[in-house]
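**Student:** As input, take entry-v9.cif (mmCIF, C-alpha atoms, pLDDT in the B column; chains and numbers go by the auth columns):
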```
data_my_file
#
loop_
_atom_site.group_PDB
_atom_site.id
_atom_site.type_symbol
_atom_site.label_atom_id
_atom_site.label_comp_id
_atom_site.label_asym_id
_atom_site.label_seq_id
_atom_site.Cartn_x
_atom_site.Cartn_y
_atom_site.Cartn_z
_atom_site.B_iso_or_equiv
_atom_site.auth_seq_id
_atom_site.auth_asym_id
ATOM 1 C CA MET A 1 79.801 40.692 71.456 76.00 33 A
ATOM 2 C CA HIS A 2 82.259 41.460 74.228 82.00 34 A
ATOM 3 C CA GLY A 3 85.209 41.917 71.887 87.00 35 A
ATOM 4 C CA THR A 4 83.458 43.467 68.923 89.00 36 A
ATOM 5 C CA TYR A 5 81.030 45.797 70.684 88.00 37 A
ATOM 6 C CA GLY A 6 82.505 46.131 74.162 89.00 38 A
ATOM 7 C CA SER A 7 79.532 44.449 75.822 87.00 39 A
ATOM 8 C CA SER A 8 79.907 43.806 79.528 86.00 40 A
ATOM 9 C CA ALA A 9 76.793 41.640 79.809 80.00 41 A
ATOM 10 C CA PRO A 10 77.611 38.360 81.550 77.00 42 A
ATOM 11 C CA LEU A 11 77.089 35.091 79.724 75.00 43 A
ATOM 12 C CA ALA A 12 74.784 32.632 81.446 76.00 44 A
ATOM 13 C CA TYR A 13 74.112 29.019 80.562 79.00 45 A
ATOM 14 C CA GLY A 14 70.887 27.280 81.417 82.00 46 A
ATOM 15 C CA GLY A 15 67.565 26.077 80.138 89.00 47 A
ATOM 16 C CA ILE A 16 64.866 28.490 79.045 91.00 48 A
ATOM 17 C CA TYR A 17 62.272 26.860 81.305 93.00 49 A
ATOM 18 C CA GLU A 18 64.368 27.104 84.480 89.00 50 A
ATOM 19 C CA LEU A 19 66.651 30.107 84.299 89.00 51 A
ATOM 20 C CA PRO A 20 69.607 30.045 86.701 85.00 52 A
ATOM 21 C CA ALA A 21 68.852 31.960 89.911 84.00 53 A
ATOM 22 C CA ASP A 22 72.148 33.837 89.805 84.00 54 A
ATOM 23 C CA VAL A 23 71.201 35.479 86.509 85.00 55 A
ATOM 24 C CA GLY A 24 68.915 37.922 88.323 88.00 56 A
ATOM 25 C CA THR A 25 66.563 40.136 86.330 90.00 57 A
ATOM 26 C CA PHE A 26 66.853 41.558 82.814 88.00 58 A
ATOM 27 C CA ASP A 27 66.062 45.011 81.508 90.00 59 A
ATOM 28 C CA ALA A 28 64.463 43.584 78.344 92.00 60 A
ATOM 29 C CA ALA A 29 63.893 40.243 76.649 93.00 61 A
ATOM 30 C CA VAL A 30 63.909 39.412 72.943 94.00 62 A
ATOM 31 C CA PHE A 31 62.571 36.159 71.523 96.00 63 A
ATOM 32 C CA GLY A 32 63.963 36.311 67.984 94.00 64 A
ATOM 33 C CA ALA A 33 61.905 33.811 65.962 93.00 65 A
ATOM 34 C CA ILE A 34 62.500 31.089 68.549 94.00 66 A
ATOM 35 C CA LEU A 35 59.074 30.264 70.036 96.00 67 A
ATOM 36 C CA MET A 36 58.167 28.152 67.000 92.00 68 A
ATOM 37 C CA HIS A 37 61.073 25.831 67.821 91.00 69 A
ATOM 38 C CA VAL A 38 60.772 25.292 71.591 94.00 70 A
ATOM 39 C CA ARG A 39 58.882 22.460 73.296 93.00 71 A
ATOM 40 C CA ASP A 40 56.549 24.751 75.288 96.00 72 A
ATOM 41 C CA PRO A 41 56.252 28.343 74.008 97.00 73 A
ATOM 42 C CA PHE A 42 54.078 29.569 76.891 98.00 74 A
ATOM 43 C CA ALA A 43 56.408 28.120 79.531 97.00 75 A
ATOM 44 C CA ALA A 44 59.384 29.811 77.836 97.00 76 A
ATOM 45 C CA LEU A 45 57.614 33.184 77.830 97.00 77 A
ATOM 46 C CA SER A 46 56.463 32.668 81.417 97.00 78 A
ATOM 47 C CA ALA A 47 59.944 31.863 82.730 95.00 79 A
ATOM 48 C CA VAL A 48 61.380 34.986 81.158 94.00 80 A
ATOM 49 C CA ALA A 49 58.410 37.202 82.088 94.00 81 A
ATOM 50 C CA ASP A 50 59.068 36.393 85.741 92.00 82 A
ATOM 51 C CA ARG A 51 62.557 37.890 85.415 93.00 83 A
ATOM 52 C CA VAL A 52 62.257 40.756 82.908 93.00 84 A
ATOM 53 C CA LEU A 53 61.591 44.326 83.936 92.00 85 A
ATOM 54 C CA ASP A 54 60.211 45.622 80.624 91.00 86 A
ATOM 55 C CA PRO A 55 59.729 45.086 77.628 94.00 87 A
ATOM 56 C CA VAL A 56 59.364 41.666 75.988 96.00 88 A
ATOM 57 C CA VAL A 57 59.756 41.593 72.204 96.00 89 A
ATOM 58 C CA VAL A 58 58.701 38.488 70.275 98.00 90 A
ATOM 59 C CA THR A 59 59.281 37.948 66.581 97.00 91 A
ATOM 60 C CA GLY A 60 58.118 35.041 64.497 95.00 92 A
ATOM 61 C CA SER A 61 57.209 33.986 60.998 90.00 93 A
ATOM 62 C CA HIS A 62 53.705 34.193 59.626 84.00 94 A
ATOM 63 C CA TRP A 63 54.011 31.432 57.024 75.00 95 A
ATOM 64 C CA GLU A 64 50.340 30.699 56.634 81.00 96 A
ATOM 65 C CA PRO A 65 48.603 33.794 55.247 78.00 97 A
ATOM 66 C CA GLU A 66 45.209 32.042 55.257 87.00 98 A
ATOM 67 C CA VAL A 67 45.320 32.049 59.081 91.00 99 A
ATOM 68 C CA ASP A 68 44.109 35.303 60.658 94.00 100 A
ATOM 69 C CA PRO A 69 47.201 36.874 62.277 93.00 101 A
ATOM 70 C CA ASN A 70 45.024 38.371 65.027 93.00 102 A
ATOM 71 C CA GLY A 71 43.497 34.995 65.834 94.00 103 A
ATOM 72 C CA ASN A 72 44.449 33.028 68.910 95.00 104 A
ATOM 73 C CA VAL A 73 45.963 30.091 66.993 94.00 105 A
ATOM 74 C CA VAL A 74 48.755 27.759 68.057 94.00 106 A
ATOM 75 C CA ARG A 75 49.052 24.668 65.903 90.00 107 A
ATOM 76 C CA PHE A 76 51.437 21.801 66.571 88.00 108 A
ATOM 77 C CA ALA A 77 53.777 20.370 63.930 71.00 109 A
ATOM 78 C CA PRO A 78 52.922 22.303 60.807 63.00 110 A
ATOM 79 C CA HIS A 79 54.284 20.021 58.103 64.00 111 A
ATOM 80 C CA ARG A 80 56.355 22.061 55.705 63.00 112 A
ATOM 81 C CA ILE A 81 59.186 20.702 53.642 60.00 113 A
ATOM 82 C CA ASP A 82 60.995 24.043 53.879 59.00 114 A
ATOM 83 C CA ALA A 83 60.725 24.250 57.684 65.00 115 A
ATOM 84 C CA PRO A 84 61.428 20.772 59.103 68.00 116 A
ATOM 85 C CA ASN A 85 62.582 22.037 62.513 75.00 117 A
ATOM 86 C CA ARG A 86 59.439 24.045 63.307 80.00 118 A
ATOM 87 C CA ARG A 87 57.299 22.573 66.058 87.00 119 A
ATOM 88 C CA TRP A 88 54.616 25.252 66.133 92.00 120 A
ATOM 89 C CA MET A 89 52.694 27.711 64.032 90.00 121 A
ATOM 90 C CA ILE A 90 51.938 30.590 66.381 95.00 122 A
ATOM 91 C CA THR A 91 49.965 33.610 65.255 95.00 123 A
ATOM 92 C CA PRO A 92 50.949 37.024 66.601 96.00 124 A
ATOM 93 C CA GLY A 93 47.459 37.205 68.125 96.00 125 A
ATOM 94 C CA ALA A 94 48.263 34.127 70.218 97.00 126 A
ATOM 95 C CA VAL A 95 51.539 35.730 71.338 97.00 127 A
ATOM 96 C CA VAL A 96 49.612 38.851 72.391 97.00 128 A
ATOM 97 C CA ARG A 97 47.210 36.749 74.473 96.00 129 A
ATOM 98 C CA MET A 98 50.047 34.805 76.112 97.00 130 A
ATOM 99 C CA LEU A 99 51.811 38.045 77.030 97.00 131 A
ATOM 100 C CA GLU A 100 48.578 39.554 78.364 96.00 132 A
ATOM 101 C CA ARG A 101 48.155 36.493 80.609 96.00 133 A
ATOM 102 C CA LEU A 102 51.707 37.135 81.881 97.00 134 A
ATOM 103 C CA GLY A 103 50.994 40.761 82.853 96.00 135 A
ATOM 104 C CA PHE A 104 51.844 42.668 79.688 95.00 136 A
ATOM 105 C CA SER A 105 49.229 44.909 78.092 89.00 137 A
ATOM 106 C CA ASP A 106 47.923 45.607 74.607 77.00 138 A
ATOM 107 C CA PRO A 107 51.119 45.134 72.624 88.00 139 A
ATOM 108 C CA PRO A 108 51.097 46.327 69.013 91.00 140 A
ATOM 109 C CA ILE A 109 51.809 43.898 66.185 95.00 141 A
ATOM 110 C CA SER A 110 53.920 44.909 63.215 95.00 142 A
ATOM 111 C CA PHE A 111 54.720 42.993 60.031 94.00 143 A
ATOM 112 C CA HIS A 112 57.661 43.021 57.673 94.00 144 A
ATOM 113 C CA ALA A 113 59.285 40.854 55.008 93.00 145 A
ATOM 114 C CA HIS A 114 62.618 39.275 55.892 90.00 146 A
ATOM 115 C CA PRO A 115 65.013 37.414 53.579 93.00 147 A
ATOM 116 C CA HIS A 116 65.522 33.840 54.761 87.00 148 A
ATOM 117 C CA HIS A 117 67.511 30.883 53.496 87.00 149 A
ATOM 118 C CA LEU A 118 65.030 28.008 53.560 80.00 150 A
ATOM 119 C CA VAL A 119 66.263 25.079 55.659 77.00 151 A
ATOM 120 C CA HIS A 120 69.315 27.306 56.250 80.00 152 A
ATOM 121 C CA ASP A 121 70.702 26.290 52.842 86.00 153 A
ATOM 122 C CA MET A 122 73.138 29.119 52.129 92.00 154 A
ATOM 123 C CA THR A 123 73.829 27.792 48.609 94.00 155 A
ATOM 124 C CA LYS A 124 70.384 28.942 47.452 91.00 156 A
ATOM 125 C CA PRO A 125 69.188 32.526 47.268 94.00 157 A
ATOM 126 C CA PRO A 126 67.088 33.781 50.175 94.00 158 A
ATOM 127 C CA VAL A 127 63.347 34.217 49.866 91.00 159 A
ATOM 128 C CA ASP A 128 61.291 36.876 51.591 93.00 160 A
ATOM 129 C CA ILE A 129 59.084 35.512 54.345 89.00 161 A
ATOM 130 C CA GLN A 130 56.422 37.385 56.275 91.00 162 A
ATOM 131 C CA MET A 131 57.515 38.114 59.843 95.00 163 A
ATOM 132 C CA TYR A 132 55.766 39.712 62.787 97.00 164 A
ATOM 133 C CA ALA A 133 56.981 41.546 65.858 97.00 165 A
ATOM 134 C CA VAL A 134 55.110 42.022 69.136 97.00 166 A
ATOM 135 C CA ALA A 135 56.546 44.534 71.613 95.00 167 A
ATOM 136 C CA ALA A 136 54.852 44.214 75.000 95.00 168 A
ATOM 137 C CA HIS A 137 55.178 46.338 78.144 95.00 169 A
ATOM 138 C CA ARG A 138 54.144 45.568 81.695 92.00 170 A
ATOM 139 C CA SER A 139 50.570 46.495 82.566 86.00 171 A
#
```
Is it possible to give me this structure as structure tokens?
**Tutor:**
Amino acid sequence: MHGTYGSSAPLAYGGIYELPADVGTFDAAVFGAILMHVRDPFAALSAVADRVLDPVVVTGSHWEPEVDPNGNVVRFAPHRIDAPNRRWMITPGAVVRMLERLGFSDPPISFHAHPHHLVHDMTKPPVDIQMYAVAAHRS
């Protein structure tokens, strides 16, 4: 990013649950389809919410269309052969409620289809999966 786009943002190494103190605050935070993979999604959001000015954007996959996307549902270890590294199924409604608890208000939810290589197998053609985005601002 530095070489290609001229970014001057510093690189910081650390764990998502305990961000390094010298990182300071951020103007914005983006969780790009990552909450479904972390050990504790709420703790990850909470750690970043303490340091971000505004906004927080969270994207994720909505793989289970029978589950109400507005529902407050977080399910552990959804067993899918095409997603072996997913720990959680998290509805966008659950993300909204987590962000509200962290001081962000009434974020809209949007949906879109995104091409994805299942199990990251680049030898097979991508399939469209349903994705959501939640863009939250401080209350």
**Student:** Which polymer residues, protein or nucleic acid, are no farther than 9 Å from (60.8, 31.5, 82.1), counting all atoms listed in the file, as a ChimeraX atom specification?
**Tutor:** /A:47-51,74-83
**Student:** Take the residues that were just selected and, keeping C-alpha atoms, output them as a PDB file, keeping the file's coordinate frame.
**Tutor:**
```pdb
ATOM      1  CA  GLY A  47      67.565  26.077  80.138  1.00 89.00           C
ATOM      2  CA  ILE A  48      64.866  28.490  79.045  1.00 91.00           C
ATOM      3  CA  TYR A  49      62.272  26.860  81.305  1.00 93.00           C
ATOM      4  CA  GLU A  50      64.368  27.104  84.480  1.00 89.00           C
ATOM      5  CA  LEU A  51      66.651  30.107  84.299  1.00 89.00           C
ATOM      6  CA  PHE A  74      54.078  29.569  76.891  1.00 98.00           C
ATOM      7  CA  ALA A  75      56.408  28.120  79.531  1.00 97.00           C
ATOM      8  CA  ALA A  76      59.384  29.811  77.836  1.00 97.00           C
ATOM      9  CA  LEU A  77      57.614  33.184  77.830  1.00 97.00           C
ATOM     10  CA  SER A  78      56.463  32.668  81.417  1.00 97.00           C
ATOM     11  CA  ALA A  79      59.944  31.863  82.730  1.00 95.00           C
ATOM     12  CA  VAL A  80      61.380  34.986  81.158  1.00 94.00           C
ATOM     13  CA  ALA A  81      58.410  37.202  82.088  1.00 94.00           C
ATOM     14  CA  ASP A  82      59.068  36.393  85.741  1.00 92.00           C
ATOM     15  CA  ARG A  83      62.557  37.890  85.415  1.00 93.00           C
TER      16      ARG A  83
END
```
**Student:** Within 8 Å of Ile161 in chain A, counting only C-alpha atoms, which residues show up once you throw out same-chain ones fewer than 6 positions away? Write them as a list in words, please.
**Tutor:**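 These residues fall inside the cut-off: Ser93, His94, Trp95, Ala145, His146, Pro147 and His148 of chain A.
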**Student:** Looking at only C-alpha atoms, which of A:Arg118, A:Val128, A:Ser137, A:Gly92 is the one that sits closest to Gln162 in chain A?
**Tutor:**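 Looking only at the distances to Gln162 in chain A, the closest residue turns out to be A:Gly92.
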**Student:** Compare A:Ala41, A:Val166, A:Ala126, A:Val106 by their minimum atom-to-atom distance to Pro87 in chain A, counting only C-alpha atoms, and give me the closest one.
**Tutor:**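 Smallest separation from Pro87 in chain A among the options: A:Val166.
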**Student:** To one decimal place, how far is CA of Val127 in chain A from CA of Leu43 in chain A in Å?
**Tutor:** 26.9 Å
**Student:** If you apply the PyMOL selection byres ((chain A and resi 136) around 8) to this file, what residues do you get, as a ChimeraX atom specification?
**Tutor:** /A:131-135,137-139,168-171
